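Text of data_28.cif, listed as mmCIF, C-alpha atoms:
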```cif
data_final
loop_
_atom_site.group_PDB
_atom_site.id
_atom_site.type_symbol
_atom_site.label_atom_id
_atom_site.label_comp_id
_atom_site.auth_asym_id
_atom_site.auth_seq_id
_atom_site.Cartn_x
_atom_site.Cartn_y
_atom_site.Cartn_z
ATOM 1 C CA MET T 1 2.090 46.863 -6.268
ATOM 2 C CA GLY T 2 4.178 47.474 -9.380
ATOM 3 C CA TYR T 3 4.832 45.150 -12.291
ATOM 4 C CA TRP T 4 7.465 45.871 -14.950
ATOM 5 C CA VAL T 5 7.977 43.975 -18.226
ATOM 6 C CA ASP T 6 11.040 44.308 -20.467
ATOM 7 C CA LEU T 7 9.450 43.820 -23.886
ATOM 8 C CA LYS T 8 12.798 44.282 -25.677
ATOM 9 C CA ASP T 9 14.409 41.369 -23.860
ATOM 10 C CA PRO T 10 11.564 39.185 -22.550
ATOM 11 C CA TYR T 11 11.895 35.935 -20.649
ATOM 12 C CA ILE T 12 10.498 33.434 -23.186
ATOM 13 C CA THR T 13 11.078 29.758 -22.515
ATOM 14 C CA PHE T 14 10.940 28.622 -26.168
ATOM 15 C CA GLU T 15 13.786 30.871 -27.326
ATOM 16 C CA ASN T 16 17.022 29.083 -28.172
ATOM 17 C CA LYS T 17 19.176 31.026 -25.715
ATOM 18 C CA TYR T 18 16.885 29.919 -22.876
ATOM 19 C CA ILE T 19 16.740 26.280 -24.063
ATOM 20 C CA GLU T 20 20.496 26.080 -24.658
ATOM 21 C CA THR T 21 21.218 27.592 -21.247
ATOM 22 C CA LEU T 22 19.143 24.859 -19.605
ATOM 23 C CA TRP T 23 20.871 22.113 -21.601
ATOM 24 C CA TRP T 24 24.246 23.587 -20.632
ATOM 25 C CA ALA T 25 23.261 23.590 -16.949
ATOM 26 C CA LEU T 26 22.052 19.967 -17.141
ATOM 27 C CA GLN T 27 25.210 18.902 -18.990
ATOM 28 C CA THR T 28 27.405 20.569 -16.387
ATOM 29 C CA LEU T 29 25.559 18.834 -13.551
ATOM 30 C CA TYR T 30 25.812 15.507 -15.390
ATOM 31 C CA LYS T 31 29.574 15.846 -16.004
ATOM 32 C CA LYS T 32 30.087 16.540 -12.296
ATOM 33 C CA GLY T 33 28.184 13.374 -11.398
ATOM 34 C CA LEU T 34 25.454 15.363 -9.677
ATOM 35 C CA LEU T 35 22.520 14.174 -11.808
ATOM 36 C CA TYR T 36 20.810 10.876 -11.035
ATOM 37 C CA LYS T 37 17.402 9.271 -11.361
ATOM 38 C CA SER T 38 15.456 8.537 -8.210
ATOM 39 C CA VAL T 39 11.944 8.937 -6.847
ATOM 40 C CA SER T 40 10.348 11.864 -5.092
ATOM 41 C CA ILE T 41 7.293 11.526 -2.868
ATOM 42 C CA GLN T 42 4.800 13.934 -4.418
ATOM 43 C CA PRO T 43 1.069 14.641 -4.203
ATOM 44 C CA TYR T 44 -0.478 12.506 -6.940
ATOM 45 C CA SER T 45 -4.056 12.306 -8.202
ATOM 46 C CA PRO T 46 -4.955 8.779 -9.361
ATOM 47 C CA ALA T 47 -8.280 10.093 -10.706
ATOM 48 C CA ALA T 48 -6.500 12.636 -12.938
ATOM 49 C CA GLY T 49 -3.391 10.520 -13.512
ATOM 50 C CA THR T 50 -1.010 13.353 -12.713
ATOM 51 C CA GLY T 51 1.187 14.763 -9.990
ATOM 52 C CA LEU T 52 0.146 17.997 -8.322
ATOM 53 C CA SER T 53 2.241 21.014 -7.453
ATOM 54 C CA SER T 54 2.066 22.549 -4.002
ATOM 55 C CA ALA T 55 0.171 25.481 -5.555
ATOM 56 C CA GLU T 56 -2.472 23.106 -6.952
ATOM 57 C CA LEU T 57 -2.689 21.295 -3.631
ATOM 58 C CA ASN T 58 -3.390 24.597 -1.888
ATOM 59 C CA GLN T 59 -6.226 25.741 -4.130
ATOM 60 C CA PRO T 60 -9.279 26.863 -2.125
ATOM 61 C CA GLY T 61 -11.375 23.924 -0.972
ATOM 62 C CA THR T 62 -8.845 21.192 -1.704
ATOM 63 C CA TYR T 63 -8.541 20.203 1.975
ATOM 64 C CA LYS T 64 -11.779 18.577 3.074
ATOM 65 C CA ASN T 65 -12.947 17.153 6.389
ATOM 66 C CA VAL T 66 -13.248 13.383 6.041
ATOM 67 C CA LYS T 67 -13.905 10.479 8.388
ATOM 68 C CA ASP T 68 -11.400 7.686 7.940
ATOM 69 C CA THR T 69 -10.915 4.340 9.626
ATOM 70 C CA THR T 70 -7.805 4.488 11.782
ATOM 71 C CA ILE T 71 -5.895 1.581 13.254
ATOM 72 C CA VAL T 72 -3.457 1.216 16.113
ATOM 73 C CA ALA T 73 -1.627 -1.786 14.701
ATOM 74 C CA MET T 74 0.416 -4.293 16.697
ATOM 75 C CA PHE T 75 3.859 -5.124 15.338
ATOM 76 C CA LYS T 76 5.340 -8.236 16.953
ATOM 77 C CA ALA T 77 8.878 -7.710 18.288
ATOM 78 C CA LEU T 78 11.427 -10.429 17.562
ATOM 79 C CA GLN T 79 13.526 -11.791 20.386
ATOM 80 C CA ALA T 80 17.249 -11.033 20.052
ATOM 81 C CA ASP T 81 20.114 -9.693 22.138
ATOM 82 C CA ASN T 82 19.100 -6.049 21.597
ATOM 83 C CA SER T 83 15.441 -6.731 22.476
ATOM 84 C CA GLN T 84 15.990 -9.145 25.375
ATOM 85 C CA PHE T 85 15.376 -6.390 27.962
ATOM 86 C CA LEU T 86 11.782 -6.111 26.675
ATOM 87 C CA PHE T 87 11.148 -9.841 26.966
ATOM 88 C CA ASP T 88 12.821 -9.998 30.378
ATOM 89 C CA ALA T 89 10.512 -7.218 31.608
ATOM 90 C CA ALA T 90 7.471 -8.886 30.056
ATOM 91 C CA GLY T 91 8.252 -12.143 31.848
ATOM 92 C CA ALA T 92 6.140 -14.201 29.485
ATOM 93 C CA GLY T 93 4.306 -13.803 26.205
ATOM 94 C CA GLU T 94 4.871 -11.797 23.067
ATOM 95 C CA VAL T 95 5.815 -8.108 22.874
ATOM 96 C CA PHE T 96 4.216 -5.722 20.390
ATOM 97 C CA PHE T 97 4.998 -2.185 19.227
ATOM 98 C CA LEU T 98 1.868 -0.048 18.826
ATOM 99 C CA ALA T 99 1.745 2.308 15.832
ATOM 100 C CA TRP T 100 -1.220 4.458 14.769
ATOM 101 C CA THR T 101 -2.182 5.221 11.169
ATOM 102 C CA THR T 102 -4.984 7.174 9.470
ATOM 103 C CA THR T 103 -4.141 5.397 6.176
ATOM 104 C CA PRO T 104 -4.466 1.652 6.802
ATOM 105 C CA TRP T 105 -4.024 0.980 3.057
ATOM 106 C CA THR T 106 -0.332 1.850 3.537
ATOM 107 C CA LEU T 107 0.203 -0.946 6.099
ATOM 108 C CA PRO T 108 1.103 -3.636 3.501
ATOM 109 C CA SER T 109 3.973 -1.314 2.463
ATOM 110 C CA ASN T 110 5.265 -0.857 6.024
ATOM 111 C CA LEU T 111 9.037 -1.279 6.287
ATOM 112 C CA GLY T 112 9.918 0.458 9.547
ATOM 113 C CA LEU T 113 8.749 1.832 12.891
ATOM 114 C CA THR T 114 10.103 5.252 13.805
ATOM 115 C CA VAL T 115 10.551 6.410 17.406
ATOM 116 C CA GLY T 116 11.926 9.564 18.997
ATOM 117 C CA ALA T 117 15.332 9.038 20.579
ATOM 118 C CA ASN T 118 14.519 11.090 23.697
ATOM 119 C CA ILE T 119 10.847 10.134 24.088
ATOM 120 C CA GLU T 120 10.090 7.948 27.114
ATOM 121 C CA TYR T 121 8.358 4.693 26.205
ATOM 122 C CA VAL T 122 6.770 2.072 28.439
ATOM 123 C CA LEU T 123 6.045 -1.629 28.239
ATOM 124 C CA VAL T 124 2.457 -2.308 29.331
ATOM 125 C CA ASN T 125 0.840 -5.607 30.222
ATOM 126 C CA THR T 126 -2.891 -5.649 29.398
ATOM 127 C CA PHE T 127 -5.534 -7.409 27.274
ATOM 128 C CA ASN T 128 -6.472 -6.941 23.616
ATOM 129 C CA GLN T 129 -10.041 -5.589 23.612
ATOM 130 C CA TYR T 130 -10.945 -7.551 20.460
ATOM 131 C CA THR T 131 -9.386 -10.980 21.084
ATOM 132 C CA HIS T 132 -9.251 -10.651 24.919
ATOM 133 C CA GLN T 133 -5.803 -12.221 24.866
ATOM 134 C CA PRO T 134 -3.119 -10.978 27.310
ATOM 135 C CA VAL T 135 -0.584 -8.789 25.482
ATOM 136 C CA ASN T 136 2.536 -6.765 26.227
ATOM 137 C CA VAL T 137 2.638 -3.518 24.261
ATOM 138 C CA VAL T 138 5.142 -0.677 23.809
ATOM 139 C CA MET T 139 4.055 2.963 23.436
ATOM 140 C CA ALA T 140 4.959 6.499 24.593
ATOM 141 C CA LYS T 141 4.384 7.029 28.310
ATOM 142 C CA VAL T 142 2.618 10.402 27.964
ATOM 143 C CA LEU T 143 -0.041 8.857 25.698
ATOM 144 C CA LEU T 144 -1.142 6.113 28.108
ATOM 145 C CA GLY T 145 -4.284 8.082 28.970
ATOM 146 C CA LYS T 146 -5.543 7.846 25.383
ATOM 147 C CA TYR T 147 -5.748 4.061 25.548
ATOM 148 C CA PHE T 148 -6.112 3.075 29.193
ATOM 149 C CA LYS T 149 -8.526 4.084 31.933
ATOM 150 C CA ALA T 150 -6.939 5.248 35.178
ATOM 151 C CA GLU T 151 -9.138 2.928 37.242
ATOM 152 C CA GLY T 152 -7.754 -0.074 35.332
ATOM 153 C CA GLU T 153 -4.151 0.518 36.412
ATOM 154 C CA ASN T 154 -2.814 -2.440 38.413
ATOM 155 C CA GLY T 155 -6.278 -4.002 38.261
ATOM 156 C CA ASP T 156 -7.171 -7.637 38.909
ATOM 157 C CA PHE T 157 -5.975 -9.504 35.816
ATOM 158 C CA SER T 158 -7.418 -12.812 36.991
ATOM 159 C CA ALA T 159 -10.923 -11.325 37.206
ATOM 160 C CA TYR T 160 -10.936 -9.849 33.671
ATOM 161 C CA LYS T 161 -13.522 -11.282 31.313
ATOM 162 C CA GLU T 162 -14.870 -10.459 27.866
ATOM 163 C CA GLY T 163 -17.248 -7.499 27.969
ATOM 164 C CA ASP T 164 -15.624 -5.717 30.910
ATOM 165 C CA LYS T 165 -15.660 -1.943 30.399
ATOM 166 C CA VAL T 166 -12.445 -1.410 32.343
ATOM 167 C CA ILE T 167 -9.474 -3.423 31.120
ATOM 168 C CA PRO T 168 -6.702 -3.972 33.686
ATOM 169 C CA TRP T 169 -3.196 -2.798 32.817
ATOM 170 C CA LYS T 170 0.161 -2.249 34.438
ATOM 171 C CA VAL T 171 3.457 -0.681 33.410
ATOM 172 C CA LEU T 172 6.275 -3.230 33.445
ATOM 173 C CA ALA T 173 9.223 -1.081 32.364
ATOM 174 C CA ALA T 174 10.222 2.340 31.008
ATOM 175 C CA PHE T 175 13.027 3.284 28.612
ATOM 176 C CA LYS T 176 14.131 5.897 26.066
ATOM 177 C CA GLY T 177 13.427 5.530 22.363
ATOM 178 C CA SER T 178 17.156 5.305 21.672
ATOM 179 C CA GLN T 179 17.170 1.915 23.445
ATOM 180 C CA LEU T 180 14.708 0.539 20.874
ATOM 181 C CA GLU T 181 16.832 1.344 17.828
ATOM 182 C CA ASN T 182 17.363 -1.578 15.436
ATOM 183 C CA ILE T 183 15.075 -3.978 17.285
ATOM 184 C CA ARG T 184 13.501 -6.146 14.605
ATOM 185 C CA TYR T 185 9.837 -7.004 14.270
ATOM 186 C CA GLU T 186 7.673 -9.391 12.289
ATOM 187 C CA GLN T 187 6.224 -8.029 9.025
ATOM 188 C CA LEU T 188 2.598 -7.089 9.723
ATOM 189 C CA LEU T 189 1.086 -8.019 6.338
ATOM 190 C CA PRO T 190 3.647 -10.232 4.570
ATOM 191 C CA PHE T 191 2.357 -9.967 1.006
ATOM 192 C CA ALA T 192 5.592 -8.782 -0.633
ATOM 193 C CA GLN T 193 9.188 -7.853 0.152
ATOM 194 C CA PRO T 194 11.223 -4.832 -0.989
ATOM 195 C CA GLU T 195 13.814 -5.583 -3.670
ATOM 196 C CA GLU T 196 16.581 -4.099 -1.551
ATOM 197 C CA GLY T 197 17.258 -2.671 1.879
ATOM 198 C CA ASP T 198 17.179 -3.957 5.445
ATOM 199 C CA PRO T 199 13.547 -3.489 6.554
ATOM 200 C CA PHE T 200 11.339 -4.303 9.569
ATOM 201 C CA ARG T 201 13.444 -2.508 12.170
ATOM 202 C CA VAL T 202 12.820 0.221 14.732
ATOM 203 C CA ILE T 203 14.584 3.406 13.586
ATOM 204 C CA LEU T 204 15.014 6.920 14.997
ATOM 205 C CA GLY T 205 13.395 10.036 13.511
ATOM 206 C CA ASP T 206 13.272 13.702 14.482
ATOM 207 C CA PHE T 207 9.663 14.144 13.309
ATOM 208 C CA VAL T 208 8.080 11.833 15.906
ATOM 209 C CA THR T 209 5.740 13.634 18.315
ATOM 210 C CA THR T 210 3.545 12.628 21.233
ATOM 211 C CA GLU T 211 0.577 14.814 20.301
ATOM 212 C CA ASP T 212 -1.382 11.979 18.672
ATOM 213 C CA GLY T 213 -1.134 8.258 18.127
ATOM 214 C CA THR T 214 1.264 6.172 20.186
ATOM 215 C CA GLY T 215 4.627 7.919 19.814
ATOM 216 C CA ILE T 216 5.651 5.202 17.334
ATOM 217 C CA VAL T 217 5.219 6.052 13.643
ATOM 218 C CA HIS T 218 4.302 3.384 11.092
ATOM 219 C CA THR T 219 6.804 4.066 8.311
ATOM 220 C CA ALA T 220 6.057 3.295 4.651
ATOM 221 C CA PRO T 221 8.762 5.049 2.570
ATOM 222 C CA ALA T 222 6.635 4.845 -0.607
ATOM 223 C CA PHE T 223 3.825 6.996 0.749
ATOM 224 C CA GLY T 224 5.213 9.831 2.850
ATOM 225 C CA ALA T 225 7.956 12.431 2.531
ATOM 226 C CA ASP T 226 9.134 12.041 6.165
ATOM 227 C CA ASP T 227 8.888 8.257 5.844
ATOM 228 C CA ASN T 228 10.954 8.322 2.653
ATOM 229 C CA ARG T 229 13.607 10.596 4.154
ATOM 230 C CA VAL T 230 14.103 8.520 7.299
ATOM 231 C CA GLY T 231 13.805 5.310 5.265
ATOM 232 C CA LYS T 232 16.641 6.358 2.935
ATOM 233 C CA LYS T 233 18.800 7.426 5.860
ATOM 234 C CA ASN T 234 18.377 4.011 7.502
ATOM 235 C CA GLY T 235 18.384 1.884 4.340
ATOM 236 C CA ILE T 236 15.085 0.084 4.934
ATOM 237 C CA GLY T 237 14.127 0.086 1.236
ATOM 238 C CA ILE T 238 10.873 1.032 -0.494
ATOM 239 C CA LEU T 239 7.796 -1.057 -1.286
ATOM 240 C CA THR T 240 5.106 0.394 -3.571
ATOM 241 C CA LEU T 241 2.039 -1.867 -3.536
ATOM 242 C CA VAL T 242 -0.395 0.655 -5.068
ATOM 243 C CA ASP T 243 -0.424 1.419 -8.815
ATOM 244 C CA ARG T 244 -0.947 4.743 -10.615
ATOM 245 C CA GLU T 245 -4.714 4.137 -10.774
ATOM 246 C CA GLY T 246 -4.902 3.993 -6.986
ATOM 247 C CA LYS T 247 -5.382 0.212 -6.858
ATOM 248 C CA PHE T 248 -3.445 -2.422 -4.935
ATOM 249 C CA THR T 249 -1.046 -4.320 -7.179
ATOM 250 C CA ASP T 250 -1.706 -8.011 -7.907
ATOM 251 C CA ASN T 251 0.564 -9.312 -5.124
ATOM 252 C CA VAL T 252 -1.405 -8.034 -2.117
ATOM 253 C CA GLY T 253 -3.385 -11.178 -1.382
ATOM 254 C CA GLU T 254 -7.125 -10.738 -0.897
ATOM 255 C CA PHE T 255 -6.780 -6.971 -1.399
ATOM 256 C CA SER T 256 -5.210 -7.234 -4.883
ATOM 257 C CA GLY T 257 -6.860 -5.020 -7.498
ATOM 258 C CA ARG T 258 -8.946 -3.040 -5.010
ATOM 259 C CA PHE T 259 -8.980 0.756 -4.991
ATOM 260 C CA VAL T 260 -7.516 2.268 -1.837
ATOM 261 C CA LYS T 261 -10.038 5.131 -2.148
ATOM 262 C CA ASN T 262 -13.308 5.422 -4.085
ATOM 263 C CA TYR T 263 -11.864 6.959 -7.260
ATOM 264 C CA LYS T 264 -14.562 5.714 -9.663
ATOM 265 C CA ASP T 265 -17.716 6.867 -7.848
ATOM 266 C CA ASP T 266 -18.682 3.226 -7.469
ATOM 267 C CA PRO T 267 -21.908 3.037 -5.401
ATOM 268 C CA ASP T 268 -20.916 -0.498 -4.354
ATOM 269 C CA TYR T 269 -17.403 0.511 -3.273
ATOM 270 C CA LYS T 270 -16.274 -1.208 -0.080
ATOM 271 C CA ASP T 271 -13.767 0.624 2.052
ATOM 272 C CA VAL T 272 -10.563 -1.423 1.941
ATOM 273 C CA ASP T 273 -9.381 0.240 5.178
ATOM 274 C CA VAL T 274 -12.298 -1.385 7.003
ATOM 275 C CA ASP T 275 -11.437 -4.818 5.605
ATOM 276 C CA ILE T 276 -7.790 -4.421 6.595
ATOM 277 C CA ALA T 277 -8.964 -3.501 10.112
ATOM 278 C CA VAL T 278 -11.174 -6.596 10.294
ATOM 279 C CA LYS T 279 -8.290 -8.824 9.179
ATOM 280 C CA LEU T 280 -5.933 -7.364 11.783
ATOM 281 C CA LYS T 281 -8.552 -7.664 14.534
ATOM 282 C CA LYS T 282 -8.979 -11.380 13.798
ATOM 283 C CA GLU T 283 -5.201 -11.914 13.793
ATOM 284 C CA ASN T 284 -4.644 -10.191 17.164
ATOM 285 C CA ARG T 285 -2.786 -7.406 15.344
ATOM 286 C CA ALA T 286 -5.178 -4.492 15.989
ATOM 287 C CA PHE T 287 -5.183 -2.764 19.374
ATOM 288 C CA LYS T 288 -7.711 -0.031 18.580
ATOM 289 C CA VAL T 289 -9.866 0.731 15.524
ATOM 290 C CA GLU T 290 -12.005 3.844 15.278
ATOM 291 C CA LYS T 291 -13.291 6.527 12.922
ATOM 292 C CA TYR T 292 -11.260 9.716 12.934
ATOM 293 C CA GLU T 293 -12.221 13.060 11.426
ATOM 294 C CA HIS T 294 -9.389 15.025 9.871
ATOM 295 C CA THR T 295 -8.579 17.186 6.857
ATOM 296 C CA TYR T 296 -7.312 15.415 3.748
ATOM 297 C CA PRO T 297 -6.128 16.907 0.426
ATOM 298 C CA HIS T 298 -8.233 16.422 -2.719
ATOM 299 C CA CYS T 299 -7.493 16.997 -6.400
ATOM 300 C CA TRP T 300 -8.862 20.353 -7.598
ATOM 301 C CA ARG T 301 -9.611 18.858 -11.038
ATOM 302 C CA THR T 302 -11.514 15.747 -9.998
ATOM 303 C CA ASP T 303 -12.486 16.431 -6.361
ATOM 304 C CA LYS T 304 -11.018 13.007 -5.491
ATOM 305 C CA PRO T 305 -8.471 12.266 -2.729
ATOM 306 C CA VAL T 306 -4.793 12.527 -3.597
ATOM 307 C CA LEU T 307 -2.074 10.108 -2.534
ATOM 308 C CA TYR T 308 1.497 10.874 -1.620
ATOM 309 C CA TYR T 309 3.209 8.701 -4.190
ATOM 310 C CA PRO T 310 6.765 7.915 -5.388
ATOM 311 C CA LEU T 311 7.081 9.610 -8.790
ATOM 312 C CA ASP T 312 10.147 9.419 -11.034
ATOM 313 C CA ALA T 313 12.449 12.363 -10.474
ATOM 314 C CA TRP T 314 15.890 13.547 -11.585
#
```
Could I get this file's structure written as structure tokens?
Amino acid sequence: MGYWVDLKDPYITFENKYIETLWWALQTLYKKGLLYKSVSIQPYSPAAGTGLSSAELNQPGTYKNVKDTTIVAMFKALQADNSQFLFDAAGAGEVFFLAWTTTPWTLPSNLGLTVGANIEYVLVNTFNQYTHQPVNVVMAKVLLGKYFKAEGENGDFSAYKEGDKVIPWKVLAAFKGSQLENIRYEQLLPFAQPEEGDPFRVILGDFVTTEDGTGIVHTAPAFGADDNRVGKKNGIGILTLVDREGKFTDNVGEFSGRFVKNYKDDPDYKDVDVDIAVKLKKENRAFKVEKYEHTYPHCWRTDKPVLYYPLDAW
């Protein structure tokens, strides 16, 4: 490797010619109407109070194996002309979209559900394992095996009782993701509303896969780069219910003021994800809750988890 330095004409950022060149470039962009203030979803360390660059996020040891509470949440579809085919197929009862998340603390900021246009989805009649109520749920066809036992298919619904190991289920209809676009659903945790936008709709995204989850992506534009991109494209707004300290803001009901992760090394810290899961179970809005081991980025300065957070950007 070779490294050359021009000591007669060095690149020094505090020299006037460098500073003035930058101001000229900014002025030119501004005059052309190309400069505006917005937000950018960036890695952010609440413990350190600062954003992190990609280089900092990729320091050795920053990605750690953690066990988090995950939730397959149930989003209640609203009956309308564009969703009538779901309710006709269901015959009776409510219809729910199933969406999986490894960050339940982002659920109060949910504004959309993203599906893949060409993915095949199915409507399934079954029972909720926690409330034992009959439910109709929508998910990707290829992922049925993750949630249903083969021996339960077309089982005896009338014989099902609480405690049964095999829950009966049957497919009522199949359709492409493109048919679900713009179907509206009921806000899962209605603590606050975005100031602008048209939220709580099914939208299409090119990043949806069927490798994990349900084939339906819970979309919170405040806390994910893909979520923000597809959210902007579809005009669903943004809702940031976590402050810079990593705590829920004061308009999130019983969760207000609680840290979304244990940033203060509090020995009495209670995992807010668990409490959100309990609430959704009781409300017949959780289809599956389990611990999930995965890698998660941590701040190299504080060794605490980072959040993907909307930071001011030009």
Point out the residue among T:Leu307, T:Ile167, T:Ile238, T:Leu189 with the least atom-to-atom distance to Gln133 (chain T), counting all atoms listed in the file.
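Closest to Gln133 (chain T), using all atoms listed in the file: T:Ile167.
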Can you list, as an MDAnalysis selection string, the residues that the PyMOL selection byres ((chain T and resi 68) around 12) selects here?
chainID T and resid 64:67 69:71 101:105 260:261 271:274 277 289:296 305
Just so the selection is clear, what residues does the PyMOL selection byres ((chain T and resi 218) around 8) cover here, as a PyMOL selection string?
chain T and resi 99-101+107+110+112-114+216-217+219-220
Residue IDs satisfying the PyMOL selection byres ((chain T and resi 139-144) around 12), as a PyMOL selection string:
chain T and resi 72-75+95-100+113-126+136-138+145-150+152-153+169-177+180+208-217+287
Based on the selection just made, write C-alpha atoms of those residues as an mmCIF file, in the frame of the given file.
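Result went into again-v8.cif, see below:
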```
data_model
loop_
_atom_site.group_PDB
_atom_site.id
_atom_site.type_symbol
_atom_site.label_atom_id
_atom_site.label_comp_id
_atom_site.auth_asym_id
_atom_site.auth_seq_id
_atom_site.Cartn_x
_atom_site.Cartn_y
_atom_site.Cartn_z
ATOM 1 C CA VAL T 72 -3.457 1.216 16.113
ATOM 2 C CA ALA T 73 -1.627 -1.786 14.701
ATOM 3 C CA MET T 74 0.416 -4.293 16.697
ATOM 4 C CA PHE T 75 3.859 -5.124 15.338
ATOM 5 C CA VAL T 95 5.815 -8.108 22.874
ATOM 6 C CA PHE T 96 4.216 -5.722 20.390
ATOM 7 C CA PHE T 97 4.998 -2.185 19.227
ATOM 8 C CA LEU T 98 1.868 -0.048 18.826
ATOM 9 C CA ALA T 99 1.745 2.308 15.832
ATOM 10 C CA TRP T 100 -1.220 4.458 14.769
ATOM 11 C CA LEU T 113 8.749 1.832 12.891
ATOM 12 C CA THR T 114 10.103 5.252 13.805
ATOM 13 C CA VAL T 115 10.551 6.410 17.406
ATOM 14 C CA GLY T 116 11.926 9.564 18.997
ATOM 15 C CA ALA T 117 15.332 9.038 20.579
ATOM 16 C CA ASN T 118 14.519 11.090 23.697
ATOM 17 C CA ILE T 119 10.847 10.134 24.088
ATOM 18 C CA GLU T 120 10.090 7.948 27.114
ATOM 19 C CA TYR T 121 8.358 4.693 26.205
ATOM 20 C CA VAL T 122 6.770 2.072 28.439
ATOM 21 C CA LEU T 123 6.045 -1.629 28.239
ATOM 22 C CA VAL T 124 2.457 -2.308 29.331
ATOM 23 C CA ASN T 125 0.840 -5.607 30.222
ATOM 24 C CA THR T 126 -2.891 -5.649 29.398
ATOM 25 C CA ASN T 136 2.536 -6.765 26.227
ATOM 26 C CA VAL T 137 2.638 -3.518 24.261
ATOM 27 C CA VAL T 138 5.142 -0.677 23.809
ATOM 28 C CA GLY T 145 -4.284 8.082 28.970
ATOM 29 C CA LYS T 146 -5.543 7.846 25.383
ATOM 30 C CA TYR T 147 -5.748 4.061 25.548
ATOM 31 C CA PHE T 148 -6.112 3.075 29.193
ATOM 32 C CA LYS T 149 -8.526 4.084 31.933
ATOM 33 C CA ALA T 150 -6.939 5.248 35.178
ATOM 34 C CA GLY T 152 -7.754 -0.074 35.332
ATOM 35 C CA GLU T 153 -4.151 0.518 36.412
ATOM 36 C CA TRP T 169 -3.196 -2.798 32.817
ATOM 37 C CA LYS T 170 0.161 -2.249 34.438
ATOM 38 C CA VAL T 171 3.457 -0.681 33.410
ATOM 39 C CA LEU T 172 6.275 -3.230 33.445
ATOM 40 C CA ALA T 173 9.223 -1.081 32.364
ATOM 41 C CA ALA T 174 10.222 2.340 31.008
ATOM 42 C CA PHE T 175 13.027 3.284 28.612
ATOM 43 C CA LYS T 176 14.131 5.897 26.066
ATOM 44 C CA GLY T 177 13.427 5.530 22.363
ATOM 45 C CA LEU T 180 14.708 0.539 20.874
ATOM 46 C CA VAL T 208 8.080 11.833 15.906
ATOM 47 C CA THR T 209 5.740 13.634 18.315
ATOM 48 C CA THR T 210 3.545 12.628 21.233
ATOM 49 C CA GLU T 211 0.577 14.814 20.301
ATOM 50 C CA ASP T 212 -1.382 11.979 18.672
ATOM 51 C CA GLY T 213 -1.134 8.258 18.127
ATOM 52 C CA THR T 214 1.264 6.172 20.186
ATOM 53 C CA GLY T 215 4.627 7.919 19.814
ATOM 54 C CA ILE T 216 5.651 5.202 17.334
ATOM 55 C CA VAL T 217 5.219 6.052 13.643
ATOM 56 C CA PHE T 287 -5.183 -2.764 19.374
#
```
Return as AutoDock Vina command-line options the centre and edge lengths, in Å with one decimal, of the box along x, y and z that encloses every atom of region 195-214 of chain T in the file, padded by 3 Å per side.
```
--center_x 7.9 --center_y 4.6 --center_z 8.8 --size_x 24.6 --size_y 26.4 --size_z 30.9
```
Protein and nucleic acid residues near (4.6, -12.2, 3.6) (cut-off 12 Å, all atoms listed in the file) as a PyMOL selection string:
chain T and resi 108-110+186-194+200+251-253
With C-alpha atoms retained, export the selected residues as a PDB file, keeping the file's coordinate frame.
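The result, written out as again07.pdb:
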```pdb
ATOM      1  CA  PRO T 108       1.103  -3.636   3.501  1.00  0.00           C
ATOM      2  CA  SER T 109       3.973  -1.314   2.463  1.00  0.00           C
ATOM      3  CA  ASN T 110       5.265  -0.857   6.024  1.00  0.00           C
ATOM      4  CA  GLU T 186       7.673  -9.391  12.289  1.00  0.00           C
ATOM      5  CA  GLN T 187       6.224  -8.029   9.025  1.00  0.00           C
ATOM      6  CA  LEU T 188       2.598  -7.089   9.723  1.00  0.00           C
ATOM      7  CA  LEU T 189       1.086  -8.019   6.338  1.00  0.00           C
ATOM      8  CA  PRO T 190       3.647 -10.232   4.570  1.00  0.00           C
ATOM      9  CA  PHE T 191       2.357  -9.967   1.006  1.00  0.00           C
ATOM     10  CA  ALA T 192       5.592  -8.782  -0.633  1.00  0.00           C
ATOM     11  CA  GLN T 193       9.188  -7.853   0.152  1.00  0.00           C
ATOM     12  CA  PRO T 194      11.223  -4.832  -0.989  1.00  0.00           C
ATOM     13  CA  PHE T 200      11.339  -4.303   9.569  1.00  0.00           C
ATOM     14  CA  ASN T 251       0.564  -9.312  -5.124  1.00  0.00           C
ATOM     15  CA  VAL T 252      -1.405  -8.034  -2.117  1.00  0.00           C
ATOM     16  CA  GLY T 253      -3.385 -11.178  -1.382  1.00  0.00           C
TER      17      GLY T 253
END
```
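Among the candidate residues T:Asp275, T:Thr28, T:Trp300, T:Lys165, the one lying nearest to Glu151 (chain T) is T:Lys165, with distances computed using all atoms listed in the file.
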Grab the CA of Asn284 (chain T) to CA of Val135 (chain T) distance for me, in Å with one decimal place.
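Interatomic distance here is 9.4 Å.
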Point out the residue among T:Leu311, T:Ile41, T:Leu57, T:Ala159 with the least atom-to-atom distance to Ala225 (chain T), counting all atoms listed in the file.
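Of T:Leu311, T:Ile41, T:Leu57, T:Ala159, the one nearest Ala225 (chain T), counting all atoms listed in the file, is T:Ile41.
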Restricting the calculation to only C-alpha atoms: of T:Leu7, T:His298, T:Leu241, T:Asp268, which residue gets closest to Ser256 (chain T)?
T:Leu241
Compile the contact shell of Phe85 (chain T) as an mmCIF file with C-alpha atoms, in the frame of the given file: residues with an atom at most 10 Å away, counting all atoms listed in the file, same-chain residues fewer than 3 positions apart removed.
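Okay, this is what ended up in selection-v7.cif:
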```
data_model
loop_
_atom_site.group_PDB
_atom_site.id
_atom_site.type_symbol
_atom_site.label_atom_id
_atom_site.label_comp_id
_atom_site.auth_asym_id
_atom_site.auth_seq_id
_atom_site.Cartn_x
_atom_site.Cartn_y
_atom_site.Cartn_z
ATOM 1 C CA GLN T 79 13.526 -11.791 20.386
ATOM 2 C CA ALA T 80 17.249 -11.033 20.052
ATOM 3 C CA ASP T 81 20.114 -9.693 22.138
ATOM 4 C CA ASN T 82 19.100 -6.049 21.597
ATOM 5 C CA ASP T 88 12.821 -9.998 30.378
ATOM 6 C CA ALA T 89 10.512 -7.218 31.608
ATOM 7 C CA ALA T 90 7.471 -8.886 30.056
ATOM 8 C CA GLY T 91 8.252 -12.143 31.848
ATOM 9 C CA ALA T 173 9.223 -1.081 32.364
ATOM 10 C CA PHE T 175 13.027 3.284 28.612
ATOM 11 C CA GLN T 179 17.170 1.915 23.445
ATOM 12 C CA LEU T 180 14.708 0.539 20.874
#
```
